[in-house]
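Q: Contents of input-v2.pdb (PDB, C-alpha atoms and all ligand atoms):
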MODEL        1
ATOM      1  CA  MET A   1      -1.128  -5.887 -10.174
ATOM      2  CA  TYR A   2       0.463  -2.980  -8.204
ATOM      3  CA  SER A   3       4.055  -3.342  -9.238
ATOM      4  CA  SER A   4       4.769   0.364  -8.925
ATOM      5  CA  VAL A   5       4.789   0.372  -5.131
ATOM      6  CA  ASN A   6       5.873  -2.330  -2.751
ATOM      7  CA  ASP A   7       3.706  -3.498   0.136
ATOM      8  CA  GLU A   8       5.916  -2.013   2.805
ATOM      9  CA  THR A   9       5.784   1.469   1.308
ATOM     10  CA  LEU A  10       2.050   1.234   0.899
ATOM     11  CA  ASP A  11       1.583   0.171   4.523
ATOM     12  CA  GLN A  12       3.806   3.015   5.718
ATOM     13  CA  ILE A  13       1.739   5.571   3.850
ATOM     14  CA  ALA A  14      -1.514   3.990   5.017
ATOM     15  CA  PHE A  15      -0.265   4.163   8.591
ATOM     16  CA  ILE A  16       0.717   7.820   8.305
ATOM     17  CA  LEU A  17      -2.715   8.680   6.924
ATOM     18  CA  GLY A  18      -4.963   6.307   8.840
ATOM     19  CA  GLY A  19      -3.056   4.660  11.686
ATOM     20  CA  GLU A  20      -3.566   0.973  12.472
ATOM     21  CA  GLU A  21      -7.005   1.081  10.864
ATOM     22  CA  GLY A  22      -5.499   2.556   7.741
ATOM     23  CA  VAL A  23      -3.108  -0.383   7.406
ATOM     24  CA  GLN A  24      -5.919  -2.912   7.925
ATOM     25  CA  ILE A  25      -8.068  -1.191   5.328
ATOM     26  CA  ILE A  26      -5.327  -0.834   2.720
ATOM     27  CA  ASP A  27      -4.290  -4.482   3.193
ATOM     28  CA  ILE A  28      -7.788  -5.567   2.202
ATOM     29  CA  ILE A  29      -8.180  -3.074  -0.637
ATOM     30  CA  LYS A  30      -4.943  -4.211  -2.261
ATOM     31  CA  SER A  31      -6.033  -7.856  -2.099
ATOM     32  CA  VAL A  32      -9.289  -7.316  -4.003
ATOM     33  CA  GLU A  33     -10.336  -5.783  -7.295
ATOM     34  CA  GLU A  34     -12.986  -3.488  -5.813
ATOM     35  CA  ILE A  35     -14.766  -3.234  -2.470
ATOM     36  CA  THR A  36     -17.524  -1.239  -0.767
ATOM     37  CA  VAL A  37     -17.367   0.576   2.574
ATOM     38  CA  GLU A  38     -19.782  -1.949   4.074
ATOM     39  CA  GLU A  39     -17.691  -4.909   2.961
ATOM     40  CA  LEU A  40     -14.561  -3.249   4.343
ATOM     41  CA  ALA A  41     -16.248  -2.625   7.697
ATOM     42  CA  GLU A  42     -17.343  -6.236   7.856
ATOM     43  CA  LYS A  43     -13.932  -7.647   7.000
ATOM     44  CA  THR A  44     -11.954  -5.395   9.334
ATOM     45  CA  ASP A  45     -14.431  -5.028  12.228
ATOM     46  CA  ILE A  46     -13.867  -1.287  11.977
ATOM     47  CA  GLN A  47     -16.976   0.915  12.234
ATOM     48  CA  ILE A  48     -18.416   2.109   8.945
ATOM     49  CA  ASN A  49     -17.936   5.794   9.829
ATOM     50  CA  MET A  50     -14.283   5.174  10.580
ATOM     51  CA  VAL A  51     -13.787   3.193   7.361
ATOM     52  CA  ARG A  52     -15.374   6.038   5.422
ATOM     53  CA  LYS A  53     -13.191   8.638   7.155
ATOM     54  CA  VAL A  54     -10.009   6.707   6.378
ATOM     55  CA  LEU A  55     -11.098   6.107   2.771
ATOM     56  CA  TYR A  56     -11.662   9.802   2.171
ATOM     57  CA  LYS A  57      -8.256  10.552   3.625
ATOM     58  CA  PHE A  58      -6.748   8.000   1.231
ATOM     59  CA  TYR A  59      -8.812   9.506  -1.561
ATOM     60  CA  ASN A  60      -7.595  13.040  -0.813
ATOM     61  CA  HIS A  61      -4.021  11.800  -1.009
ATOM     62  CA  SER A  62      -4.611   9.940  -4.272
ATOM     63  CA  LEU A  63      -4.142   6.529  -2.696
ATOM     64  CA  VAL A  64      -7.521   5.145  -3.701
ATOM     65  CA  THR A  65     -10.188   5.920  -6.233
ATOM     66  CA  SER A  66     -13.886   5.106  -6.356
ATOM     67  CA  ARG A  67     -16.448   4.125  -8.939
ATOM     68  CA  ARG A  68     -20.124   4.866  -8.457
ATOM     69  CA  PHE A  69     -22.921   2.685  -9.742
ATOM     70  CA  ARG A  70     -26.616   2.211  -9.036
ATOM     71  CA  ASP A  71     -27.815  -0.835  -7.159
ATOM     72  CA  LYS A  72     -30.382  -2.537  -9.400
ATOM     73  CA  GLU A  73     -32.589  -3.648  -6.515
ATOM     74  CA  THR A  74     -32.609  -0.612  -4.234
ATOM     75  CA  GLY A  75     -31.870   2.056  -6.834
ATOM     76  CA  TRP A  76     -29.291   3.581  -4.489
ATOM     77  CA  PHE A  77     -25.802   4.582  -5.446
ATOM     78  CA  ILE A  78     -23.023   2.300  -4.325
ATOM     79  CA  PHE A  79     -19.346   3.209  -4.269
ATOM     80  CA  GLN A  80     -16.698   0.660  -5.100
ATOM     81  CA  TRP A  81     -13.222   1.522  -3.903
ATOM     82  CA  ARG A  82      -9.910   0.421  -5.347
ATOM     83  CA  LEU A  83      -6.237   1.283  -5.250
ATOM     84  CA  GLN A  84      -5.030   4.018  -7.577
ATOM     85  CA  PRO A  85      -1.764   2.543  -8.892
ATOM     86  CA  ASN A  86      -0.542   5.386 -11.119
ATOM     87  CA  LEU A  87      -1.177   8.133  -8.640
ATOM     88  CA  ILE A  88       0.343   6.106  -5.862
ATOM     89  CA  GLU A  89       3.634   6.193  -7.675
ATOM     90  CA  ALA A  90       3.467   9.965  -7.999
ATOM     91  CA  TYR A  91       2.602  10.223  -4.330
ATOM     92  CA  VAL A  92       5.457   7.998  -3.244
ATOM     93  CA  THR A  93       7.881   9.975  -5.407
ATOM     94  CA  GLY A  94       6.663  13.178  -3.776
ATOM     95  CA  MET A  95       7.178  11.688  -0.332
ATOM     96  CA  LYS A  96      10.660  10.499  -1.185
ATOM     97  CA  GLN A  97      11.593  13.955  -2.452
ATOM     98  CA  LYS A  98      10.384  15.438   0.818
ATOM     99  CA  ILE A  99      12.427  12.922   2.827
ATOM    100  CA  LEU A 100      15.445  13.588   0.609
ATOM    101  CA  ARG A 101      15.292  17.340   1.258
ATOM    102  CA  LYS A 102      15.074  16.701   5.011
ATOM    103  CA  LEU A 103      18.069  14.351   4.954
ATOM    104  CA  GLN A 104      20.093  16.814   2.873
ATOM    105  CA  SER A 105      19.488  19.627   5.319
ATOM    106  CA  ARG A 106      20.371  17.291   8.213
ATOM    107  CA  LEU A 107      23.612  16.415   6.414
ATOM    108  CA  ARG A 108      24.456  20.073   5.856
ATOM    109  CA  TYR A 109      23.914  20.685   9.575
ATOM    110  CA  GLU A 110      26.201  17.779  10.511
ATOM    111  CA  LEU A 111      28.906  18.949   8.087
ATOM    112  CA  GLN A 112      28.793  22.597   9.148
ATOM    113  CA  HIS A 113      29.004  22.015  12.884
ATOM    114  CA  GLU A 114      31.409  20.570  15.375
ATOM    115  CA  PHE A 115      29.764  18.793  18.252
ATOM    116  CA  TYR A 116      30.676  18.342  21.895
ATOM    117  CA  HIS A 117      29.389  15.948  24.510
ATOM    118  CA  CYS A 118      30.028  15.163  28.186
ATOM    119  CA  GLY A 119      29.726  11.406  27.711
ATOM    120  CA  ASN A 120      26.599  10.987  29.861
ATOM    121  CA  SER A 121      23.809   9.268  27.960
ATOM    122  CA  GLY A 122      21.153  11.490  29.573
ATOM    123  CA  CYS A 123      22.687  14.667  28.127
ATOM    124  CA  SER A 124      22.480  15.817  24.504
ATOM    125  CA  ARG A 125      25.388  16.835  22.351
ATOM    126  CA  ILE A 126      25.855  20.544  21.748
ATOM    127  CA  THR A 127      27.485  22.581  19.003
ATOM    128  CA  PHE A 128      30.916  24.203  19.275
ATOM    129  CA  GLU A 129      29.275  27.643  19.490
ATOM    130  CA  ASP A 130      27.125  26.592  22.446
ATOM    131  CA  ALA A 131      30.069  24.826  24.095
ATOM    132  CA  MET A 132      32.020  28.107  23.903
ATOM    133  CA  ASP A 133      29.220  29.832  25.796
ATOM    134  CA  THR A 134      29.448  27.391  28.704
ATOM    135  CA  VAL A 135      33.267  27.309  28.618
ATOM    136  CA  PHE A 136      33.121  23.637  27.596
ATOM    137  CA  LYS A 137      31.063  22.461  30.545
ATOM    138  CA  CYS A 138      27.900  20.430  29.926
ATOM    139  CA  PRO A 139      24.913  22.762  30.511
ATOM    140  CA  VAL A 140      22.963  19.838  32.041
ATOM    141  CA  CYS A 141      25.390  17.929  34.303
ATOM    142  CA  GLY A 142      28.295  20.371  34.466
ATOM    143  CA  GLU A 143      30.958  17.877  33.414
ATOM    144  CA  ALA A 144      33.687  18.713  30.920
ATOM    145  CA  LEU A 145      32.703  18.555  27.256
ATOM    146  CA  LYS A 146      34.751  16.534  24.810
ATOM    147  CA  PRO A 147      34.711  16.692  21.021
ATOM    148  CA  LEU A 148      32.187  14.271  19.573
ATOM    149  CA  ASP A 149      32.871  12.426  16.359
ATOM    150  CA  ASN A 150      29.863  12.635  14.048
ATOM    151  CA  GLU A 151      31.409  10.612  11.192
ATOM    152  CA  ALA A 152      28.883   7.809  11.761
ATOM    153  CA  SER A 153      25.911  10.172  11.410
ATOM    154  CA  ILE A 154      27.442  11.694   8.291
ATOM    155  CA  ASP A 155      28.080   8.245   6.778
ATOM    156  CA  PHE A 156      24.551   7.163   7.558
ATOM    157  CA  LEU A 157      22.991  10.285   6.051
ATOM    158  CA  GLU A 158      25.155  10.110   2.921
ATOM    159  CA  ARG A 159      24.238   6.455   2.430
ATOM    160  CA  LYS A 160      20.503   7.124   2.861
ATOM    161  CA  ILE A 161      20.634  10.122   0.523
ATOM    162  CA  GLY A 162      22.427   8.011  -2.086
ATOM    163  CA  GLU A 163      19.810   5.266  -1.813
ATOM    164  CA  ILE A 164      16.892   7.641  -2.260
ATOM    165  CA  GLU A 165      18.579   9.496  -5.121
ATOM    166  CA  ARG A 166      19.131   6.191  -6.931
ATOM    167  CA  GLU A 167      15.493   5.209  -6.340
ATOM    168  CA  LEU A 168      14.289   8.543  -7.697
ATOM    169  CA  ASP A 169      16.569   8.246 -10.738
ATOM    170  CA  SER A 170      15.445   4.781 -11.740
TER     171      SER A 170
HETATM  172 ZN    ZN A 201      26.208  16.212  30.610
ENDMDL
END
What is this file in structure tokens?
Ligand SMILES: [Zn+2]

A:
Amino acid sequence: MYSSVNDETLDQIAFILGGEEGVQIIDIIKSVEEITVEELAEKTDIQINMVRKVLYKFYNHSLVTSRRFRDKETGWFIFQWRLQPNLIEAYVTGMKQKILRKLQSRLRYELQHEFYHCGNSGCSRITFEDAMDTVFKCPVCGEALKPLDNEASIDFLERKIGEIERELDS
């Protein structure tokens, strides 16, 4: 039914927007055709106010949509919520583009800098420019700084960027 987005992606987005409760709520919404706030609260044991809050967050990010109809017995309006498959895809694409831009700027940073490290796991690596300032002594522990190979980070970033670019192209 929701072939455009896989479950894992959907759960990730639900978690970012609504935390653990968001994941519980989205897991139920995607398993049914339509559902009300009350039914969601009952099935998840999450308070109605919280369910509503999470749903509106999802709604504002185009993750869900709602349909309003009048209850024949009470005459009140009832909202039925459901996943919004088309807009989800647009949302996921937008998120991937954002991640891609972040990874690309990380890669540029890795490529444009040389890094140095003292070898102690508690200390961070520093750039060549900063290492010059401390005459190649670690600013934290004072030990001598050695060049640090960042090939692995570069490989990782290039691989991730390639994956996302292929996903966005398909
Ligand atoms: Zn150090």

Q: Quick one: everything within 10 Å of Cys141 of chain A, counting all atoms listed in the file, minus sequence neighbours fewer than 4 positions away in the same chain. Send it as a list of chain:residue names.

A: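 Returned residues: A:Cys118, A:Asn120, A:Gly122, A:Cys123, A:Lys137.
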
Q: Under the rule that all atoms listed in the file are counted, which of A:His117, A:Arg159, A:Lys146, A:Lys43 is the nearest residue to ligand ZN 201 (chain A)?

A: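 Closest residue, counting all atoms listed in the file: A:His117.
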
Q: With only C-alpha atoms and all ligand atoms as the basis for distance, which of A:Thr9, A:Thr93, A:Thr65, A:Ser121 is at the shortest distance from ligand ZN 201 (chain A)?

A: A:Ser121

Q: Find the residue from A:Val92, A:Ala152, A:Leu157, A:Cys138 that sits nearest to Leu107 of chain A; use all atoms listed in the file when measuring.

A: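 Closest residue, counting all atoms listed in the file: A:Leu157.
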
Q: When distances are computed from all atoms listed in the file, which of A:Phe115, A:Val140, A:Leu168, A:Arg68 shows the smallest separation from Met95 of chain A?

A: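 Ranked by minimum distance to Met95 of chain A, first place goes to A:Leu168.
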
Q: Taking only C-alpha atoms into account, name the residue in A:Ile25, A:Leu10, A:Ile16, A:Val32 that is nearest to Leu55 of chain A.

A: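 Checking each of A:Ile25, A:Leu10, A:Ile16, A:Val32 against Leu55 of chain A, counting only C-alpha atoms, the winner is A:Ile25.
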
Q: As a check of understanding, name the residues that the PyMOL selection byres (((chain A and resi 53) around 12) and not hetatm) selects in the supplied structure, as an MDAnalysis selection string.

A: chainID A and resid 17:19 21:22 25 37 41 46:52 54:60

Q: Record the distance separating atom CA of Pro139 of chain A and atom CA of Ser105 of chain A, expressed in Å with one decimal.

A: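 Between atom CA of Pro139 of chain A and atom CA of Ser105 of chain A the gap is 26.0 Å.
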
Q: Between A:Ala144, A:Ala14, A:Ile154, A:Ile161, which has the minimum distance to ligand ZN 201 (chain A) (counting all atoms listed in the file)?

A: A:Ala144

Q: Have a look at atom CA of Val23 of chain A and atom CA of Arg166 of chain A and let me know their distance in Å, one decimal.

A: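 For atom CA of Val23 of chain A relative to atom CA of Arg166 of chain A, the distance reads 27.3 Å.
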
Q: As a PDB file, keeping the file's coordinate frame, please: segment 24-43 of chain A completed to N, CA and C atoms.

A:
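Saved file rebuild32.pdb follows:
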ATOM      1  N   GLN A  24      -4.961  -1.814   8.105  1.00  0.00           N
ATOM      2  CA  GLN A  24      -5.919  -2.912   7.925  1.00  0.00           C
ATOM      3  C   GLN A  24      -6.748  -2.713   6.662  1.00  0.00           C
ATOM      4  N   ILE A  25      -7.204  -1.484   6.476  1.00  0.00           N
ATOM      5  CA  ILE A  25      -8.068  -1.191   5.328  1.00  0.00           C
ATOM      6  C   ILE A  25      -7.300  -1.327   4.014  1.00  0.00           C
ATOM      7  N   ILE A  26      -6.084  -0.776   3.973  1.00  0.00           N
ATOM      8  CA  ILE A  26      -5.327  -0.834   2.720  1.00  0.00           C
ATOM      9  C   ILE A  26      -4.933  -2.276   2.396  1.00  0.00           C
ATOM     10  N   ASP A  27      -4.659  -3.082   3.435  1.00  0.00           N
ATOM     11  CA  ASP A  27      -4.290  -4.482   3.193  1.00  0.00           C
ATOM     12  C   ASP A  27      -5.429  -5.238   2.513  1.00  0.00           C
ATOM     13  N   ILE A  28      -6.655  -4.903   2.854  1.00  0.00           N
ATOM     14  CA  ILE A  28      -7.788  -5.567   2.202  1.00  0.00           C
ATOM     15  C   ILE A  28      -8.013  -5.009   0.798  1.00  0.00           C
ATOM     16  N   ILE A  29      -7.946  -3.679   0.683  1.00  0.00           N
ATOM     17  CA  ILE A  29      -8.180  -3.074  -0.637  1.00  0.00           C
ATOM     18  C   ILE A  29      -7.194  -3.611  -1.681  1.00  0.00           C
ATOM     19  N   LYS A  30      -5.926  -3.785  -1.260  1.00  0.00           N
ATOM     20  CA  LYS A  30      -4.943  -4.211  -2.261  1.00  0.00           C
ATOM     21  C   LYS A  30      -5.086  -5.693  -2.618  1.00  0.00           C
ATOM     22  N   SER A  31      -5.865  -6.427  -1.810  1.00  0.00           N
ATOM     23  CA  SER A  31      -6.033  -7.856  -2.099  1.00  0.00           C
ATOM     24  C   SER A  31      -7.278  -8.136  -2.941  1.00  0.00           C
ATOM     25  N   VAL A  32      -8.073  -7.103  -3.200  1.00  0.00           N
ATOM     26  CA  VAL A  32      -9.289  -7.316  -4.003  1.00  0.00           C
ATOM     27  C   VAL A  32      -9.308  -6.361  -5.203  1.00  0.00           C
ATOM     28  N   GLU A  33     -10.169  -6.652  -6.131  1.00  0.00           N
ATOM     29  CA  GLU A  33     -10.336  -5.783  -7.295  1.00  0.00           C
ATOM     30  C   GLU A  33     -11.027  -4.473  -6.878  1.00  0.00           C
ATOM     31  N   GLU A  34     -12.191  -4.637  -6.274  1.00  0.00           N
ATOM     32  CA  GLU A  34     -12.986  -3.488  -5.813  1.00  0.00           C
ATOM     33  C   GLU A  34     -13.723  -3.887  -4.548  1.00  0.00           C
ATOM     34  N   ILE A  35     -14.071  -2.901  -3.720  1.00  0.00           N
ATOM     35  CA  ILE A  35     -14.766  -3.234  -2.470  1.00  0.00           C
ATOM     36  C   ILE A  35     -15.592  -2.039  -1.978  1.00  0.00           C
ATOM     37  N   THR A  36     -16.697  -2.326  -1.294  1.00  0.00           N
ATOM     38  CA  THR A  36     -17.524  -1.239  -0.767  1.00  0.00           C
ATOM     39  C   THR A  36     -17.145  -0.953   0.686  1.00  0.00           C
ATOM     40  N   VAL A  37     -17.618   0.191   1.180  1.00  0.00           N
ATOM     41  CA  VAL A  37     -17.367   0.576   2.574  1.00  0.00           C
ATOM     42  C   VAL A  37     -17.925  -0.481   3.526  1.00  0.00           C
ATOM     43  N   GLU A  38     -19.131  -0.961   3.210  1.00  0.00           N
ATOM     44  CA  GLU A  38     -19.782  -1.949   4.074  1.00  0.00           C
ATOM     45  C   GLU A  38     -18.970  -3.244   4.141  1.00  0.00           C
ATOM     46  N   GLU A  39     -18.495  -3.684   2.979  1.00  0.00           N
ATOM     47  CA  GLU A  39     -17.691  -4.909   2.961  1.00  0.00           C
ATOM     48  C   GLU A  39     -16.384  -4.725   3.746  1.00  0.00           C
ATOM     49  N   LEU A  40     -15.797  -3.536   3.611  1.00  0.00           N
ATOM     50  CA  LEU A  40     -14.561  -3.249   4.343  1.00  0.00           C
ATOM     51  C   LEU A  40     -14.796  -3.270   5.852  1.00  0.00           C
ATOM     52  N   ALA A  41     -15.925  -2.664   6.268  1.00  0.00           N
ATOM     53  CA  ALA A  41     -16.248  -2.625   7.697  1.00  0.00           C
ATOM     54  C   ALA A  41     -16.439  -4.035   8.233  1.00  0.00           C
ATOM     55  N   GLU A  42     -17.094  -4.865   7.432  1.00  0.00           N
ATOM     56  CA  GLU A  42     -17.343  -6.236   7.856  1.00  0.00           C
ATOM     57  C   GLU A  42     -16.042  -7.031   7.985  1.00  0.00           C
ATOM     58  N   LYS A  43     -15.183  -6.867   6.997  1.00  0.00           N
ATOM     59  CA  LYS A  43     -13.932  -7.647   7.000  1.00  0.00           C
ATOM     60  C   LYS A  43     -12.938  -7.200   8.049  1.00  0.00           C
TER      61      LYS A  43
END
